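Undergrad: Input file: model.cif. Contents: mmCIF, C-alpha atoms and all ligand atoms.
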```
data_coords
#
loop_
_atom_site.label_atom_id
_atom_site.label_comp_id
_atom_site.auth_asym_id
_atom_site.auth_seq_id
_atom_site.Cartn_x
_atom_site.Cartn_y
_atom_site.Cartn_z
CA MET E 236 104.40 103.84 90.43
CA PRO E 237 105.19 105.59 87.14
CA GLY E 238 108.81 106.64 86.84
CA CYS E 239 109.92 104.68 89.85
CA LYS E 240 113.38 103.53 89.11
CA ARG E 241 113.37 100.26 90.94
CA VAL E 242 116.75 99.61 92.39
CA SER E 243 117.83 96.01 92.21
CA ALA E 244 116.28 94.05 95.02
CA ILE E 245 118.21 93.62 98.27
CA VAL E 246 118.38 89.85 98.65
CA HIS E 247 119.97 88.18 101.66
CA THR E 248 120.40 84.41 101.33
CA TYR E 249 120.77 82.16 104.37
CA PRO E 250 121.88 78.52 104.53
CA ASP E 251 118.62 77.21 105.97
CA HIS E 252 115.25 78.11 107.49
CA GLU E 253 116.67 78.45 110.99
CA ALA E 254 119.32 80.98 109.92
CA LEU E 255 116.69 82.81 107.84
CA SER E 256 114.37 82.98 110.85
CA ARG E 257 117.15 84.28 113.09
CA ALA E 258 117.92 87.01 110.53
CA ALA E 259 114.26 88.02 110.43
CA ALA E 260 114.17 88.20 114.23
CA GLU E 261 117.35 90.31 114.24
CA LEU E 262 115.86 92.69 111.65
CA PHE E 263 112.71 93.00 113.78
CA VAL E 264 114.73 93.85 116.91
CA GLY E 265 117.02 96.31 115.11
CA LEU E 266 114.18 98.24 113.49
CA ALA E 267 112.10 98.14 116.66
CA ASN E 268 114.85 99.71 118.77
CA GLU E 269 115.48 102.34 116.09
CA ALA E 270 111.77 103.27 115.89
CA ILE E 271 111.28 103.25 119.66
CA SER E 272 114.27 105.50 120.28
CA GLU E 273 113.29 107.88 117.45
CA ARG E 274 109.48 107.92 117.81
CA GLY E 275 108.65 106.08 121.02
CA ARG E 276 106.81 103.28 119.25
CA PHE E 277 107.28 100.50 116.69
CA SER E 278 104.49 99.59 114.28
CA ILE E 279 104.65 96.23 112.59
CA ALA E 280 102.30 94.23 110.37
CA LEU E 281 102.78 90.46 110.43
CA SER E 282 101.91 87.80 107.89
CA GLY E 283 100.51 84.36 108.50
CA GLY E 284 101.57 81.14 106.85
CA HIS E 285 104.22 78.67 107.98
CA THR E 286 107.42 80.45 106.95
CA PRO E 287 107.57 83.22 109.58
CA GLN E 288 106.49 81.07 112.55
CA ARG E 289 110.02 80.15 113.59
CA ALA E 290 111.05 83.83 113.52
CA TYR E 291 108.10 84.64 115.82
CA GLU E 292 109.12 81.79 118.15
CA LEU E 293 112.71 83.08 118.27
CA LEU E 294 111.50 86.60 119.09
CA ALA E 295 109.48 85.19 121.98
CA GLY E 296 112.45 83.09 123.17
CA PRO E 297 115.27 83.89 125.63
CA GLN E 298 117.76 85.01 122.96
CA PHE E 299 115.56 87.88 121.74
CA ASN E 300 112.70 88.56 124.15
CA ASN E 301 114.68 90.92 126.36
CA LEU E 302 116.24 92.96 123.54
CA LEU E 303 113.48 95.53 123.19
CA ASP E 304 110.71 97.30 125.10
CA TRP E 305 107.70 95.19 124.02
CA GLY E 306 105.39 97.72 125.69
CA ARG E 307 106.20 100.09 122.82
CA VAL E 308 105.33 97.60 120.06
CA HIS E 309 102.08 98.07 118.08
CA LEU E 310 101.20 94.89 116.26
CA PHE E 311 98.95 94.63 113.21
CA TRP E 312 98.29 91.92 110.66
CA ALA E 313 98.91 92.05 106.89
CA ASP E 314 95.91 89.80 106.36
CA GLU E 315 93.52 87.43 108.08
CA ARG E 316 91.20 84.60 107.20
CA CYS E 317 87.61 85.11 108.31
CA VAL E 318 87.39 82.02 110.50
CA PRO E 319 86.49 81.59 114.19
CA PRO E 320 89.19 82.98 116.53
CA ASN E 321 90.18 79.49 117.73
CA ASP E 322 90.36 78.06 114.20
CA SER E 323 93.87 76.78 113.36
CA ARG E 324 93.75 78.82 110.11
CA SER E 325 93.52 82.10 112.04
CA ASN E 326 96.63 84.26 111.65
CA ALA E 327 95.79 86.03 114.90
CA LEU E 328 95.71 82.69 116.74
CA MET E 329 99.05 81.65 115.24
CA VAL E 330 100.75 84.94 116.20
CA ARG E 331 99.29 84.74 119.71
CA GLU E 332 100.53 81.18 120.17
CA LYS E 333 103.99 81.76 118.68
CA LEU E 334 104.65 85.30 119.91
CA LEU E 335 102.16 87.33 121.87
CA ASP E 336 101.27 84.84 124.62
CA HIS E 337 104.94 84.89 125.68
CA LEU E 338 105.66 88.62 125.65
CA PRO E 339 104.58 91.75 127.58
CA VAL E 340 103.05 93.47 124.53
CA HIS E 341 100.39 95.89 125.78
CA PRO E 342 96.98 94.28 124.96
CA GLY E 343 95.76 97.68 123.75
CA HIS E 344 98.57 97.70 121.18
CA VAL E 345 97.50 94.46 119.48
CA TYR E 346 95.11 95.01 116.55
CA PRO E 347 93.70 91.78 115.14
CA ILE E 348 91.42 91.93 112.08
CA ALA E 349 87.98 91.06 113.47
CA CYS E 350 85.66 89.41 110.94
CA ALA E 351 82.71 88.66 113.24
CA ASP E 352 80.49 91.21 111.47
CA GLY E 353 81.50 90.11 107.99
CA ALA E 354 84.55 90.67 105.81
CA ASP E 355 83.46 93.97 104.26
CA LYS E 356 82.80 95.57 107.64
CA ALA E 357 86.05 94.09 108.98
CA ALA E 358 88.01 95.66 106.12
CA ARG E 359 86.39 99.07 106.57
CA ASN E 360 86.85 98.98 110.35
CA TYR E 361 90.51 97.99 109.99
CA GLU E 362 91.10 100.76 107.49
CA SER E 363 89.62 103.38 109.83
CA LEU E 364 91.75 101.98 112.63
CA LEU E 365 94.86 102.40 110.45
CA ARG E 366 93.80 105.88 109.39
CA SER E 367 93.51 106.89 113.03
CA PHE E 368 96.78 105.19 113.96
CA PHE E 369 98.63 106.97 111.13
CA PRO E 370 96.85 110.35 111.37
CA PRO E 371 97.40 112.99 108.71
CA PRO E 372 98.73 115.54 108.16
CA PHE E 373 101.80 113.51 107.59
CA PRO E 374 105.04 115.38 108.21
CA LYS E 375 106.11 117.11 104.95
CA GLY E 376 106.62 114.54 102.30
CA ALA E 377 105.89 111.71 104.68
CA THR E 378 103.11 109.18 104.25
CA PRO E 379 101.51 106.66 106.62
CA ARG E 380 104.33 104.46 107.66
CA PHE E 381 104.54 101.04 109.17
CA ASP E 382 108.05 100.69 110.51
CA LEU E 383 108.19 97.10 109.28
CA ILE E 384 105.94 94.69 107.41
CA PHE E 385 106.80 90.99 107.19
CA LEU E 386 105.38 89.37 104.05
CA GLY E 387 105.38 85.81 102.74
CA LEU E 388 105.30 84.59 99.15
CA GLY E 389 102.87 81.98 97.83
CA THR E 390 103.84 79.64 95.00
CA ASP E 391 101.34 81.52 92.81
CA GLY E 392 103.07 84.81 93.58
CA HIS E 393 100.50 86.03 96.10
CA THR E 394 101.47 87.95 99.18
CA ALA E 395 99.27 88.77 102.15
CA SER E 396 95.90 87.86 100.61
CA LEU E 397 96.57 89.57 97.30
CA PHE E 398 95.86 86.64 95.00
CA PRO E 399 96.52 86.82 91.24
CA GLY E 400 93.58 88.05 89.16
CA THR E 401 91.50 89.28 92.11
CA PRO E 402 90.13 92.81 92.57
CA ALA E 403 92.26 93.21 95.71
CA VAL E 404 95.36 93.29 93.50
CA THR E 405 94.20 96.30 91.49
CA GLU E 406 92.72 98.23 94.42
CA LYS E 407 94.34 101.64 94.45
CA GLU E 408 92.28 103.67 96.95
CA ARG E 409 91.48 101.41 99.88
CA TRP E 410 94.17 100.43 102.35
CA VAL E 411 92.26 97.30 103.41
CA THR E 412 89.87 95.18 101.40
CA GLU E 413 88.02 91.90 101.59
CA ILE E 414 88.43 89.01 99.18
CA TYR E 415 86.58 85.73 98.73
CA SER E 416 89.04 82.82 98.54
CA GLU E 417 87.35 80.29 96.21
CA LYS E 418 90.01 77.72 97.02
CA GLU E 419 89.34 77.87 100.76
CA GLY E 420 85.65 78.74 100.60
CA ILE E 421 86.18 81.60 103.05
CA TYR E 422 86.56 85.36 103.01
CA ARG E 423 89.87 86.98 103.83
CA VAL E 424 90.75 90.55 104.73
CA THR E 425 94.01 91.99 103.44
CA LEU E 426 96.11 95.12 103.41
CA THR E 427 96.40 96.34 99.82
CA ALA E 428 99.57 97.28 97.93
CA THR E 429 98.64 100.92 98.55
CA ILE E 430 99.35 100.67 102.27
CA LEU E 431 101.90 97.85 102.08
CA ASN E 432 104.05 100.17 99.98
CA GLN E 433 103.82 102.89 102.64
CA ALA E 434 106.17 101.08 104.95
CA SER E 435 109.65 102.14 105.94
CA VAL E 436 110.74 98.54 105.49
CA VAL E 437 109.03 95.57 103.86
CA ALA E 438 110.78 92.24 104.35
CA PHE E 439 109.71 89.14 102.45
CA ILE E 440 110.62 85.92 104.25
CA VAL E 441 110.83 83.05 101.75
CA SER E 442 111.88 79.47 102.37
CA GLY E 443 111.92 76.13 100.58
CA ALA E 444 112.54 74.71 97.13
CA SER E 445 108.83 75.00 96.28
CA LYS E 446 109.25 78.80 96.16
CA ALA E 447 112.36 78.79 93.94
CA GLY E 448 110.50 79.26 90.65
CA VAL E 449 108.18 82.02 91.83
CA LEU E 450 111.00 83.81 93.65
CA ARG E 451 113.07 83.82 90.45
CA ASP E 452 110.10 85.13 88.46
CA VAL E 453 109.31 87.89 90.95
CA LEU E 454 112.90 89.06 91.41
CA SER E 455 113.85 88.84 87.75
CA ARG E 456 110.64 90.61 86.78
CA ARG E 457 110.81 88.41 83.70
CA PRO E 458 108.22 89.08 80.97
CA GLY E 459 105.03 87.16 81.68
CA SER E 460 105.40 87.56 85.46
CA GLU E 461 103.68 90.95 85.60
CA HIS E 462 100.58 89.30 87.07
CA LEU E 463 102.39 88.11 90.19
CA PRO E 464 101.02 90.24 93.04
CA ALA E 465 104.30 90.20 94.98
CA ARG E 466 105.70 92.38 92.17
CA LEU E 467 103.34 95.15 93.31
CA ILE E 468 105.28 95.53 96.53
CA THR E 469 107.69 98.38 95.81
CA PRO E 470 108.21 100.46 98.97
CA GLU E 471 111.45 101.75 97.51
CA CYS E 472 109.27 103.76 95.10
CA PHE E 473 107.80 105.56 98.11
CA GLY E 474 110.92 106.21 100.14
CA GLY E 475 110.97 102.84 101.87
CA ARG E 476 113.21 99.79 101.68
CA LEU E 477 112.47 96.27 100.40
CA TYR E 478 114.41 93.27 101.67
CA TRP E 479 114.16 89.68 100.52
CA LEU E 480 115.26 87.30 103.27
CA VAL E 481 115.51 83.90 101.59
CA ASP E 482 117.05 80.51 102.27
CA LYS E 483 119.33 78.57 99.94
CA ASP E 484 116.59 76.25 98.72
CA SER E 485 114.24 79.05 97.69
CA ALA E 486 117.16 80.95 96.10
CA SER E 487 118.35 77.93 94.09
CA LEU E 488 117.14 79.33 90.74
CA LEU E 489 118.35 82.89 91.21
CA GLU E 490 121.09 84.03 88.88
CA THR E 491 124.25 84.62 90.83
CA ASP E 492 126.17 87.74 89.74
C1 LIG E 501 98.74 83.89 104.98
C2 LIG E 501 99.81 84.75 104.42
C3 LIG E 501 100.18 84.31 103.04
C4 LIG E 501 101.47 83.54 103.20
C5 LIG E 501 101.86 82.84 101.92
C6 LIG E 501 103.08 81.94 102.15
O1 LIG E 501 97.87 84.42 105.66
O2 LIG E 501 98.81 82.68 104.78
O3 LIG E 501 99.52 86.04 104.49
O4 LIG E 501 100.37 85.35 102.14
O5 LIG E 501 102.49 84.46 103.58
O6 LIG E 501 100.76 82.04 101.52
O7 LIG E 501 102.71 80.98 103.12
P1 LIG E 501 103.79 79.91 103.68
O8 LIG E 501 104.75 80.71 104.51
O9 LIG E 501 102.96 78.96 104.51
O10 LIG E 501 104.42 79.27 102.49
#
```
Re-express the file's structure as structure tokens.
TA:
Amino acid sequence: MPGCKRVSAIVHTYPDHEALSRAAAELFVGLANEAISERGRFSIALSGGHTPQRAYELLAGPQFNNLLDWGRVHLFWADERCVPPNDSRSNALMVREKLLDHLPVHPGHVYPIACADGADKAARNYESLLRSFFPPPFPKGATPRFDLIFLGLGTDGHTASLFPGTPAVTEKERWVTEIYSEKEGIYRVTLTATILNQASVVAFIVSGASKAGVLRDVLSRRPGSEHLPARLITPECFGGRLYWLVDKDSASLLETD
């Protein structure tokens, strides 16, 4: 966003993946209780991948599952692979197995991205769902607002399904778009930076030494890293907050102050 004075990123480093996952679960609970008491509902968009799975398991476990009113939670996805619902690559399947199957979330408040009629139709349907969930007119100065979005970071700097060099990365109008993943030979559907940036809080969850280089490049915004899609995620330019929850291994190349 032109003229956005990016504040330095808020990075929280944890000793290991377990501590990182606990912190993500605590952030989820804190923001959920805040949103539920202020607005009666909590809207969250979840990412797939391996990194956040432990956080989802913790949320579904005895230490966290009674800390909020799950009936007030509205759960969306940041992206989805267009594969059969019982395919192990499905983000919806993973979130059901790790989280939803163990919690009293209202079934009518769970909004998976349904690709059965093709990726383009899935993207357009999901966008109209979001536009009805976040109906204008937005309160003065407000914009559609997820309360929280959990994002991961790929070693190529992708987040959600915003892969480097794809049209999805430069999409400015649509909130949801489809993308063909050459590498996987499948279509994906993804939220675009336009809507990802309209969140009150975006939290990246990053773990492992394999992410150290890309995390350094994204956070340092070093010349030559402009093409990394994760750099497009700047909710602080739209009145939101951006947190990086990282473990020691992924933070190993970050300059310490
Ligand atoms: C997905 C995610 C994707 C993921 C990154 C990191 O659907 O897979 O949206 O963006 O967050 O690829 O994945 P890992 O957590 O497995 O490293």
Undergrad: If we count only C-alpha atoms and set the cut-off at 10 Å, which residues sit around E:Asn301, ignoring sequence neighbours fewer than 6 positions away in its own chain? Please answer as JSON, numbers by chain.
TA: {"E": [264, 294, 295, 338]}
Undergrad: Step by step: start from the point (97.5, 91.4, 105.0) in the file's coordinates, keep every protein, DNA or RNA residue that has an atom no farther than 12 Å from it, count only C-alpha atoms, and write the set as a ChimeraX atom specification.
TA: /E:279-284,311-316,326-327,347-348,358,361-362,384-388,393-398,403-404,410-414,423-431
Undergrad: Show which residues sit within 8 Å of E:Arg307, as a PyMOL selection string. Count all atoms listed in the file, and ignore same-chain residues fewer than 6 positions away.
TA: chain E and resi 271+275-277+340-341
Undergrad: What is the atom CA of E:Arg409 to atom CA of E:Asp452 distance in Å?
TA: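 Taking atom CA of E:Arg409 and atom CA of E:Asp452, their separation equals 27.2 Å.
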Undergrad: Have a look at atom CA of E:Asn300 and atom CA of E:Leu334 and let me know their distance in Å, one decimal.
TA: 9.7 Å
Undergrad: Could you jot down the atom CA of E:Val308 to atom CA of E:Phe368 separation for me, Å, one decimal place?
TA: 13.0 Å
Undergrad: Hey, which of E:Asn321, E:Ser363, E:Thr286, E:Ser278 ends up closest to ligand LIG 501 (chain E)? Count all atoms listed in the file.
TA: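 Selected residue with least distance to ligand LIG 501 (chain E): E:Thr286.
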Undergrad: Hey, which of E:Lys333, E:Arg451, E:Lys446, E:Arg359 ends up closest to E:Tyr291? Count only C-alpha atoms.
TA: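 Going through E:Lys333, E:Arg451, E:Lys446, E:Arg359 one by one, the smallest distance to E:Tyr291 is for E:Lys333.
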Undergrad: For each of E:Asn360, E:Ser485, E:Asn432, E:Thr248, take the minimum atom-to-atom distance to E:Gly389, counting all atoms listed in the file, then give the residue where this is smallest.
TA: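 Answer, going by the shortest atom-to-atom distance: E:Ser485.
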Undergrad: Of the candidates E:Ile245, E:Ala259, E:Leu488, E:Ile440, which shows the shortest atom-to-atom distance to ligand LIG 501 (chain E), using only C-alpha atoms and all ligand atoms?
TA: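 Using only C-alpha atoms and all ligand atoms, the shortest distance to ligand LIG 501 (chain E) belongs to E:Ile440.
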Undergrad: Quick one: everything within 9 Å of E:Thr390, counting all atoms listed in the file, minus sequence neighbours fewer than 4 positions away in the same chain. Send it as a VMD selection string.
TA: chain E and resid 445 to 450
Undergrad: Restricted to C-alpha atoms, what would the selected residues look like written as a PDB file, in the frame of the given file?
TA:
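Here's the written file result.pdb:
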```
ATOM      1  CA  SER E 445     108.830  75.000  96.280  1.00  0.00           C
ATOM      2  CA  LYS E 446     109.250  78.800  96.160  1.00  0.00           C
ATOM      3  CA  ALA E 447     112.360  78.790  93.940  1.00  0.00           C
ATOM      4  CA  GLY E 448     110.500  79.260  90.650  1.00  0.00           C
ATOM      5  CA  VAL E 449     108.180  82.020  91.830  1.00  0.00           C
ATOM      6  CA  LEU E 450     111.000  83.810  93.650  1.00  0.00           C
TER       7      LEU E 450
END
```
Undergrad: Which residue out of E:Asp391, E:Asp484, E:Asp382, E:Asp322 has the minimum interatomic distance to ligand LIG 501 (chain E) when all atoms listed in the file are used?
TA: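 Among the listed residues, the smallest separation from ligand LIG 501 (chain E) belongs to E:Asp391.
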Undergrad: Produce the centre coordinates and the three edge lengths, each in Å to one decimal, of the box along x, y and z that contains all listed atoms of ligand LIG 501 (chain E) with 3 Å added on each side, as AutoDock Vina command-line options.
TA:
```
--center_x 101.3 --center_y 82.5 --center_z 103.6 --size_x 12.9 --size_y 13.1 --size_z 10.1
```
Undergrad: Pick out the closest residue to ligand LIG 501 (chain E) from this set: E:Ala258, E:Leu335, E:Val441, E:Ala434. Count only C-alpha atoms and all ligand atoms.
TA: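 Closest to ligand LIG 501 (chain E) of all the choices is E:Val441.
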Undergrad: May I ask you to restore all heavy atoms in stretch 249-260 of chain E and write the result as a tab-separated table (two decimals), in the coordinates of the input?
TA:
```
chain	number	residue	atom	x	y	z
E	249	TYR	N	120.29	82.84	103.16
E	249	TYR	CA	120.77	82.16	104.37
E	249	TYR	C	120.81	80.65	104.12
E	249	TYR	O	120.05	80.14	103.29
E	249	TYR	CB	119.85	82.50	105.54
E	249	TYR	CG	119.85	84.00	105.82
E	249	TYR	CD1	118.91	84.83	105.18
E	249	TYR	CD2	120.82	84.59	106.61
E	249	TYR	CE1	118.94	86.21	105.35
E	249	TYR	CE2	120.85	85.96	106.80
E	249	TYR	CZ	119.92	86.76	106.16
E	249	TYR	OH	119.97	88.13	106.34
E	250	PRO	N	121.69	79.95	104.84
E	250	PRO	CA	121.88	78.52	104.53
E	250	PRO	C	120.61	77.67	104.71
E	250	PRO	O	120.37	76.73	103.99
E	250	PRO	CB	122.98	78.07	105.49
E	250	PRO	CG	123.36	79.23	106.33
E	250	PRO	CD	122.60	80.43	105.90
E	251	ASP	N	119.79	78.06	105.71
E	251	ASP	CA	118.62	77.21	105.97
E	251	ASP	C	117.52	78.05	106.66
E	251	ASP	O	117.71	79.23	106.93
E	251	ASP	CB	119.01	76.01	106.84
E	251	ASP	CG	119.71	76.46	108.13
E	251	ASP	OD1	119.40	77.58	108.63
E	251	ASP	OD2	120.59	75.71	108.61
E	252	HIS	N	116.41	77.38	106.94
E	252	HIS	CA	115.25	78.11	107.49
E	252	HIS	C	115.56	78.69	108.87
E	252	HIS	O	115.11	79.78	109.22
E	252	HIS	CB	114.05	77.16	107.55
E	252	HIS	CG	112.78	77.83	107.99
E	252	HIS	ND1	112.17	77.54	109.19
E	252	HIS	CD2	112.03	78.78	107.41
E	252	HIS	CE1	111.09	78.29	109.31
E	252	HIS	NE2	110.97	79.05	108.25
E	253	GLU	N	116.36	77.96	109.62
E	253	GLU	CA	116.67	78.45	110.99
E	253	GLU	C	117.48	79.74	110.92
E	253	GLU	O	117.17	80.73	111.60
E	253	GLU	CB	117.45	77.37	111.75
E	253	GLU	CG	117.77	77.74	113.21
E	253	GLU	CD	116.55	77.80	114.12
E	253	GLU	OE1	115.47	77.29	113.72
E	253	GLU	OE2	116.68	78.36	115.23
E	254	ALA	N	118.48	79.77	110.05
E	254	ALA	CA	119.32	80.98	109.92
E	254	ALA	C	118.47	82.13	109.36
E	254	ALA	O	118.59	83.28	109.77
E	254	ALA	CB	120.50	80.68	109.01
E	255	LEU	N	117.60	81.80	108.42
E	255	LEU	CA	116.69	82.81	107.84
E	255	LEU	C	115.79	83.40	108.93
E	255	LEU	O	115.61	84.62	109.03
E	255	LEU	CB	115.83	82.12	106.77
E	255	LEU	CG	114.63	82.85	106.20
E	255	LEU	CD1	115.05	84.10	105.44
E	255	LEU	CD2	113.83	81.92	105.28
E	256	SER	N	115.27	82.53	109.78
E	256	SER	CA	114.37	82.98	110.85
E	256	SER	C	115.10	83.85	111.87
E	256	SER	O	114.56	84.85	112.34
E	256	SER	CB	113.75	81.76	111.55
E	256	SER	OG	113.08	80.95	110.59
E	257	ARG	N	116.33	83.48	112.16
E	257	ARG	CA	117.15	84.28	113.09
E	257	ARG	C	117.40	85.67	112.49
E	257	ARG	O	117.30	86.69	113.18
E	257	ARG	CB	118.46	83.55	113.36
E	257	ARG	CG	119.45	84.22	114.27
E	257	ARG	CD	120.59	83.29	114.62
E	257	ARG	NE	120.07	82.08	115.29
E	257	ARG	CZ	119.66	82.06	116.57
E	257	ARG	NH1	119.72	83.18	117.29
E	257	ARG	NH2	119.22	80.96	117.12
E	258	ALA	N	117.68	85.71	111.20
E	258	ALA	CA	117.92	87.01	110.53
E	258	ALA	C	116.67	87.88	110.57
E	258	ALA	O	116.74	89.08	110.82
E	258	ALA	CB	118.36	86.77	109.09
E	259	ALA	N	115.52	87.26	110.38
E	259	ALA	CA	114.26	88.02	110.43
E	259	ALA	C	114.03	88.57	111.85
E	259	ALA	O	113.63	89.73	112.02
E	259	ALA	CB	113.10	87.14	110.00
E	260	ALA	N	114.33	87.76	112.83
E	260	ALA	CA	114.17	88.20	114.23
E	260	ALA	C	115.15	89.35	114.53
E	260	ALA	O	114.77	90.34	115.17
E	260	ALA	CB	114.42	87.03	115.19
```
